[in-house]
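Below is one structure; the comments refer to it alone.
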Amino acid sequence: MLEVRALEKSYGSKQAVRGVSFTVEKGTVLGFLGPNGAGKSTTMRMIAGVLEPDSGDALIDGKSIIADRRAAQAALGYLPEGAPLYDDMTPPEFLRFLAEARALPRKMRAEAVDRTIADARISAVCHQRIGDLSKGYRRRVGLAGAILHDPPVLVLDEPTDGLDPNQKRAVRALIARMAPTKTIIISTHTLTEVPAMCHRAVLINRGLVIADDTPAGLARRSEDGTLDSAFTRLTDQVEDETL
Amino acid sequence: MSGLLTRQFSGFTATYRREIGAYFATPMAYVFLAVFLLALGIFTWEAGRFFDTGVADLQPFFMWHPWLYMIFLPALAMRLWADEQASGTDELLLSLPLGIPGLVLGKLFAAWTVAAVGLFLTLPMWVSVNFLGNPDNTAIALAYFVSLLMAGAYLSIGAAISALTGSQVTAFVISVVIAFLFTAAGWPLVLSGVQTVFGAGFADLIARFSFITQFEGAQRGVLELRAVSYFLGFTATFAFLNCLWASRHRLG
């Protein structure tokens, strides 16, 4: 379970996130939507313990990212935006590094690495340096890193961004396989994949949650019943209000 | 207490191994070692007149260490943190349940190991002087030991600045400048200038902080506790700054 409580973050005078709260239960895939610069990545980085919030908290499987950061991070798998990786390593080397850094018991490391390579379907590129991999494989190696320690909570920042349709389908299938046993939040601005992938959608704009609904419920808020126009309507509306 | 230490330094081994791998998986370590050894050789034989001194010792070899470290070790350390920032992997690193001190020391010790390999590869020089005469081998071993400690001090500057700037080139330039200040502070040319302007007492104080001054005793084969603690303390101070500057990334 993931509980986000009134997270706030400013960069200088710019308020990037202004009190974002939501709760996600186990077995739910939450789509975290919003225009570019809405505060999606900043919120996710705070949940992952990469960025310290100005105020608020996030409880990952009951552990506070502020008061008990390491325990919270141990329960979390995080795919940062753009899936940054160490280019000089091969995927198994990278996963072994993470296994050691996450202090998985020595006996379980090899097994966890093998299982993850199979789950993420990257065995074909195991002998190549990560720097030589295609974007789709890089993303999958990043995902493999996030699920290596079998965390109860996954935070995936744009896991399908820049992938071709086949690769997108593969990533979606992986997420669907993991969904029943985990709490997952996924940010995306490809709205078409939201109904296929997510049970619930939280829409944020200018650092505020402006809608929290099922993808179908969200779509109903527009005149033509599509998620696309609901997205435009809701985010435009807020822009009009603030202008 | 031990629990706290374990938590703070968790990730040391993983980071150390990853960084050693990164040095040797790319041409970086090999290029560094080759150029470093070449430069050390040229300075020792040409500028240091190794064969002309008529004495079988490594004095003309060790006297160049501070100056070469000043240039080469910042080059070795500049990537440690700046590279993570450039590729975005710092975000990955910060999302792991690790303590910053473990990361800082893991990286520093990896670079230190590469420097140690460089020093180790100069051993043929030590062997040569034993063929040429009867050098004081204890004194040479000691000079090697203190030189390695001094290398750690130079690397700690480079690593800390690398965490501060986020750009390898900037990190290199700033580190060399800082390293130059701490090296040249013991240079007679600088000291006489300082003495003229600020007086002998101040010049003496400055000289105490110089790597050259601290390394002098070891070059003569004297083990000075003062020098050992200076280099270790210096490294610890910059490693501490490194922790602060690396933690700063969490603030955004």
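Residues are referred to by chain and number: the chain letter is A, B, ... according to the order shown in the structure tokens, the number counts from 1 in that chain, and ligands are numbered separately from 1 in the order shown.
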
>> Residues of chain A within 6 Å of chain B, counting only C-alpha atoms, what are they? List them as number ranges by chain.
In response: A: 48-52, 70, 73-74, 84-85, 97, 100-101

Residue subset to file, keeping N, CA and C atoms, as a short mmCIF file (atom, residue, chain, number, x, y, z; two decimals), in the first residue's frame:
data_model
loop_
_atom_site.label_atom_id
_atom_site.label_comp_id
_atom_site.auth_asym_id
_atom_site.auth_seq_id
_atom_site.Cartn_x
_atom_site.Cartn_y
_atom_site.Cartn_z
N ALA A 48 9.99 8.32 -3.91
CA ALA A 48 11.12 7.39 -3.99
C ALA A 48 12.25 7.76 -3.02
N GLY A 49 12.12 8.90 -2.34
CA GLY A 49 13.15 9.30 -1.39
C GLY A 49 14.37 9.90 -2.06
N VAL A 50 14.24 10.26 -3.33
CA VAL A 50 15.36 10.86 -4.05
C VAL A 50 15.41 12.36 -3.75
N LEU A 51 14.22 12.92 -3.54
CA LEU A 51 14.08 14.35 -3.32
C LEU A 51 13.37 14.53 -1.98
N GLU A 52 13.89 15.46 -1.18
CA GLU A 52 13.25 15.67 0.11
C GLU A 52 12.10 16.66 -0.03
N ARG A 70 15.28 4.44 4.77
CA ARG A 70 15.85 3.21 4.21
C ARG A 70 14.85 2.07 4.17
N GLN A 73 12.51 2.81 1.35
CA GLN A 73 13.14 2.57 0.04
C GLN A 73 13.35 1.09 -0.24
N ALA A 74 13.54 0.31 0.83
CA ALA A 74 13.72 -1.13 0.64
C ALA A 74 12.43 -1.77 0.12
N PRO A 84 17.56 5.99 -16.34
CA PRO A 84 19.02 6.13 -16.34
C PRO A 84 19.70 4.84 -15.89
N LEU A 85 20.77 4.47 -16.59
CA LEU A 85 21.48 3.21 -16.31
C LEU A 85 22.97 3.42 -16.45
N PHE A 97 24.84 -5.59 -9.18
CA PHE A 97 25.20 -4.41 -8.39
C PHE A 97 24.01 -3.99 -7.51
N GLU A 100 23.43 -6.37 -4.63
CA GLU A 100 24.39 -6.18 -3.55
C GLU A 100 24.09 -4.89 -2.79
N ALA A 101 23.79 -3.82 -3.55
CA ALA A 101 23.50 -2.54 -2.91
C ALA A 101 22.25 -2.62 -2.05
#

>> Need the shell around Phe72 (chain B): protein/DNA/RNA residues with any atom at most 12 Å away, counting only C-alpha atoms. Skip same-chain ones fewer than 3 positions apart. Format as a PyMOL selection string?
In response: chain B and resi 29+31-40+64-69+75-78+111+114-115+118+151+154-155+158+172-173+175-176+179-180

Residues just named, written with N, CA and C atoms as a CSV table (one decimal), in the first residue's frame:
chain,number,residue,atom,x,y,z
B,29,ALA,N,41.0,3.6,-16.9
B,29,ALA,CA,42.0,3.2,-16.0
B,29,ALA,C,43.3,2.9,-16.7
B,31,VAL,N,44.3,4.1,-19.7
B,31,VAL,CA,44.9,5.3,-20.2
B,31,VAL,C,45.6,6.1,-19.1
B,32,PHE,N,44.8,6.1,-18.0
B,32,PHE,CA,45.4,6.8,-16.8
B,32,PHE,C,46.7,6.2,-16.4
B,33,LEU,N,46.7,4.9,-16.2
B,33,LEU,CA,48.0,4.3,-15.8
B,33,LEU,C,49.1,4.5,-16.7
B,34,ALA,N,48.8,4.3,-18.0
B,34,ALA,CA,49.9,4.4,-19.0
B,34,ALA,C,50.5,5.8,-19.0
B,35,VAL,N,49.6,6.8,-19.0
B,35,VAL,CA,50.1,8.2,-19.1
B,35,VAL,C,50.8,8.6,-17.8
B,36,PHE,N,50.2,8.2,-16.7
B,36,PHE,CA,50.8,8.5,-15.4
B,36,PHE,C,52.2,7.9,-15.3
B,37,LEU,N,52.4,6.7,-15.7
B,37,LEU,CA,53.7,6.0,-15.6
B,37,LEU,C,54.7,6.6,-16.5
B,38,LEU,N,54.2,7.0,-17.7
B,38,LEU,CA,55.0,7.7,-18.7
B,38,LEU,C,55.6,9.0,-18.1
B,39,ALA,N,54.6,9.8,-17.6
B,39,ALA,CA,55.0,11.1,-17.1
B,39,ALA,C,56.0,10.9,-15.9
B,40,LEU,N,55.7,10.0,-15.0
B,40,LEU,CA,56.5,9.7,-13.9
B,40,LEU,C,57.9,9.3,-14.3
B,64,TRP,N,58.7,14.1,-7.5
B,64,TRP,CA,57.7,14.5,-8.4
B,64,TRP,C,56.3,14.1,-8.1
B,65,HIS,N,56.1,13.2,-7.1
B,65,HIS,CA,54.8,12.7,-6.8
B,65,HIS,C,53.7,13.8,-6.6
B,66,PRO,N,54.0,14.7,-5.7
B,66,PRO,CA,52.9,15.7,-5.4
B,66,PRO,C,52.5,16.5,-6.7
B,67,TRP,N,53.5,16.8,-7.5
B,67,TRP,CA,53.2,17.6,-8.7
B,67,TRP,C,52.4,16.8,-9.7
B,68,LEU,N,52.8,15.5,-9.9
B,68,LEU,CA,52.0,14.7,-10.8
B,68,LEU,C,50.6,14.3,-10.3
B,69,TYR,N,50.6,14.1,-9.0
B,69,TYR,CA,49.3,13.8,-8.4
B,69,TYR,C,48.3,14.9,-8.6
B,75,ALA,N,42.0,14.1,-12.4
B,75,ALA,CA,41.5,13.6,-13.7
B,75,ALA,C,40.8,12.2,-13.4
B,76,LEU,N,41.4,11.5,-12.4
B,76,LEU,CA,40.9,10.2,-12.1
B,76,LEU,C,39.6,10.3,-11.3
B,77,ALA,N,39.5,11.3,-10.5
B,77,ALA,CA,38.3,11.5,-9.6
B,77,ALA,C,37.2,12.2,-10.2
B,78,MET,N,37.4,13.0,-11.3
B,78,MET,CA,36.4,14.0,-11.7
B,78,MET,C,35.1,13.3,-12.2
B,111,ALA,N,38.8,4.8,-6.6
B,111,ALA,CA,39.8,5.6,-7.3
B,111,ALA,C,41.2,5.4,-6.6
B,114,VAL,N,42.9,2.4,-7.9
B,114,VAL,CA,43.5,2.6,-9.2
B,114,VAL,C,44.9,3.3,-9.1
B,115,ALA,N,44.9,4.3,-8.2
B,115,ALA,CA,46.2,5.1,-7.9
B,115,ALA,C,47.2,4.1,-7.3
B,118,GLY,N,48.8,2.1,-9.9
B,118,GLY,CA,49.8,3.0,-10.6
B,118,GLY,C,51.1,2.9,-9.8
B,151,ALA,N,48.1,10.4,-2.0
B,151,ALA,CA,47.3,10.2,-3.2
B,151,ALA,C,45.8,10.3,-2.8
B,154,TYR,N,44.7,13.9,-2.4
B,154,TYR,CA,44.4,14.5,-3.7
B,154,TYR,C,43.1,14.0,-4.2
B,155,LEU,N,42.9,12.7,-4.1
B,155,LEU,CA,41.6,12.1,-4.7
B,155,LEU,C,40.4,12.6,-4.0
B,158,GLY,N,39.3,15.8,-5.5
B,158,GLY,CA,38.7,15.6,-6.8
B,158,GLY,C,37.3,15.1,-6.6
B,172,PHE,N,37.3,19.0,-12.8
B,172,PHE,CA,38.8,18.8,-13.0
B,172,PHE,C,39.5,20.2,-12.7
B,173,VAL,N,39.0,21.2,-13.4
B,173,VAL,CA,39.7,22.5,-13.3
B,173,VAL,C,39.8,23.0,-11.8
B,175,SER,N,39.4,21.3,-9.1
B,175,SER,CA,40.2,20.4,-8.2
B,175,SER,C,41.7,20.6,-8.4
B,176,VAL,N,42.1,20.9,-9.7
B,176,VAL,CA,43.5,21.1,-9.9
B,176,VAL,C,44.0,22.4,-9.2
B,179,ALA,N,44.1,21.7,-5.5
B,179,ALA,CA,45.3,20.8,-5.3
B,179,ALA,C,46.6,21.6,-5.5
B,180,PHE,N,46.6,22.5,-6.4
B,180,PHE,CA,47.8,23.4,-6.6
B,180,PHE,C,48.1,24.2,-5.4

>> For the alpha helix (DSSP H) assignment from backbone DSSP, which residues of region 8-230 of chain B qualify? Please present them as a PyMOL selection string.
In response: chain B and resi 8+12-25+28-42+59-62+65-77+79-87+89-94+100-120+123-132+137-165+168-184+188-198+200-208+211-219+225-230

Neighbouring residues of Val113 (chain A) were defined as those with any atom within 8 Å, considering only C-alpha atoms; residues of the same chain fewer than 2 positions away were excluded. Please report them as a PDB file with N, CA and C atoms, in the first residue's frame.
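Writing the result to out09.pdb gives the following:
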ATOM      1  N   PRO A  92      23.186  -8.140 -16.558  1.00  0.00           N
ATOM      2  CA  PRO A  92      23.379  -8.934 -15.331  1.00  0.00           C
ATOM      3  C   PRO A  92      24.310  -8.257 -14.322  1.00  0.00           C
ATOM      4  N   LEU A  95      22.283  -5.657 -12.544  1.00  0.00           N
ATOM      5  CA  LEU A  95      21.343  -6.249 -11.586  1.00  0.00           C
ATOM      6  C   LEU A  95      22.081  -6.804 -10.366  1.00  0.00           C
ATOM      7  N   ARG A  96      23.265  -7.371 -10.598  1.00  0.00           N
ATOM      8  CA  ARG A  96      24.051  -7.874  -9.455  1.00  0.00           C
ATOM      9  C   ARG A  96      24.479  -6.725  -8.557  1.00  0.00           C
ATOM     10  N   ALA A  99      21.518  -5.845  -6.531  1.00  0.00           N
ATOM     11  CA  ALA A  99      21.253  -6.881  -5.530  1.00  0.00           C
ATOM     12  C   ALA A  99      22.182  -6.706  -4.338  1.00  0.00           C
ATOM     13  N   ARG A 109      20.797 -13.822  -4.324  1.00  0.00           N
ATOM     14  CA  ARG A 109      21.121 -12.840  -5.371  1.00  0.00           C
ATOM     15  C   ARG A 109      21.058 -13.422  -6.775  1.00  0.00           C
ATOM     16  N   ALA A 110      21.746 -14.532  -6.982  1.00  0.00           N
ATOM     17  CA  ALA A 110      21.803 -15.113  -8.331  1.00  0.00           C
ATOM     18  C   ALA A 110      20.398 -15.469  -8.801  1.00  0.00           C
ATOM     19  N   GLU A 111      19.616 -16.012  -7.884  1.00  0.00           N
ATOM     20  CA  GLU A 111      18.257 -16.416  -8.227  1.00  0.00           C
ATOM     21  C   GLU A 111      17.404 -15.203  -8.589  1.00  0.00           C
ATOM     22  N   ARG A 115      15.683 -14.597 -12.190  1.00  0.00           N
ATOM     23  CA  ARG A 115      14.232 -14.468 -12.268  1.00  0.00           C
ATOM     24  C   ARG A 115      13.857 -13.150 -12.949  1.00  0.00           C
ATOM     25  N   THR A 116      14.563 -12.070 -12.560  1.00  0.00           N
ATOM     26  CA  THR A 116      14.248 -10.754 -13.106  1.00  0.00           C
ATOM     27  C   THR A 116      14.567 -10.681 -14.594  1.00  0.00           C
ATOM     28  N   ILE A 117      15.692 -11.297 -14.988  1.00  0.00           N
ATOM     29  CA  ILE A 117      16.058 -11.305 -16.415  1.00  0.00           C
ATOM     30  C   ILE A 117      14.963 -12.001 -17.219  1.00  0.00           C
ATOM     31  N   LEU A 148      13.713  -6.093  -9.156  1.00  0.00           N
ATOM     32  CA  LEU A 148      14.686  -7.114  -8.744  1.00  0.00           C
ATOM     33  C   LEU A 148      14.442  -7.653  -7.333  1.00  0.00           C
TER      34      LEU A 148
END

>> Please list as a count of residues only every residue within 9 Å of Arg172 (chain A), counting only C-alpha atoms and excluding residues in the same chain fewer than 6 positions away.
In response: 5

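Here the question is which of A:Arg139, A:Lys9, A:His199, A:Lys14 gets nearest to Ser55 (chain A) using only C-alpha atoms, and that residue is A:Lys9.
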
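What separates CA of Thr235 (chain A) from CA of Pro35 (chain A) is a distance of 7.7 Å.
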
>> So that I can see what lies close to region 200-217 of chain A, please list as a PyMOL selection string the residues with an atom at most 9 Å from it, counting only C-alpha atoms and leaving out residues fewer than 5 positions away in the same chain.
In response: chain A and resi 8-9+15-22+28-40+43+194-195+225-227+231+234-235+238-239

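Checking B:Gly152, B:Gly221, B:Gly133, B:Pro60 one by one against Thr237 (chain B), counting only C-alpha atoms, you find the shortest gap at B:Gly152.
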
>> List the spatial neighbours of Ala82 (chain B) as a PyMOL selection string - criterion: any atom at most 9 Å away, only C-alpha atoms, same-chain residues fewer than 2 positions off excluded.
In response: chain B and resi 78-80+84-87+159+161-168+171

Mind writing the picked residues with C-alpha atoms as a CSV table (one decimal), in the first residue's frame?
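The new file result-v6.csv reads:
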chain,number,residue,atom,x,y,z
B,78,MET,CA,36.4,14.0,-11.7
B,79,ARG,CA,33.9,11.4,-13.1
B,80,LEU,CA,33.0,9.9,-9.7
B,84,GLU,CA,26.3,10.1,-12.3
B,85,GLN,CA,24.6,13.5,-12.6
B,86,ALA,CA,25.3,13.7,-16.3
B,87,SER,CA,23.7,10.3,-17.0
B,159,ALA,CA,35.8,13.4,-5.6
B,161,ILE,CA,34.4,18.8,-6.1
B,162,SER,CA,33.0,16.3,-8.5
B,163,ALA,CA,29.9,16.0,-6.3
B,164,LEU,CA,29.7,19.8,-6.0
B,165,THR,CA,29.8,20.8,-9.6
B,166,GLY,CA,28.2,18.1,-11.6
B,167,SER,CA,30.4,18.7,-14.6
B,168,GLN,CA,33.6,16.7,-15.2
B,171,ALA,CA,35.4,19.5,-11.5

> CA of His149 (chain A) and CA of Pro105 (chain A) are how many Å apart?
Replying inline: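 Answer for the CA of His149 (chain A) to CA of Pro105 (chain A) separation: 10.5 Å.
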
> In region 40-210 of chain A, what's strand (DSSP E or B) per DSSP? Answer as number ranges by chain?
Replying inline: A: 55-60, 63-64, 76-79, 153-157, 183-188, 200-205, 208-210
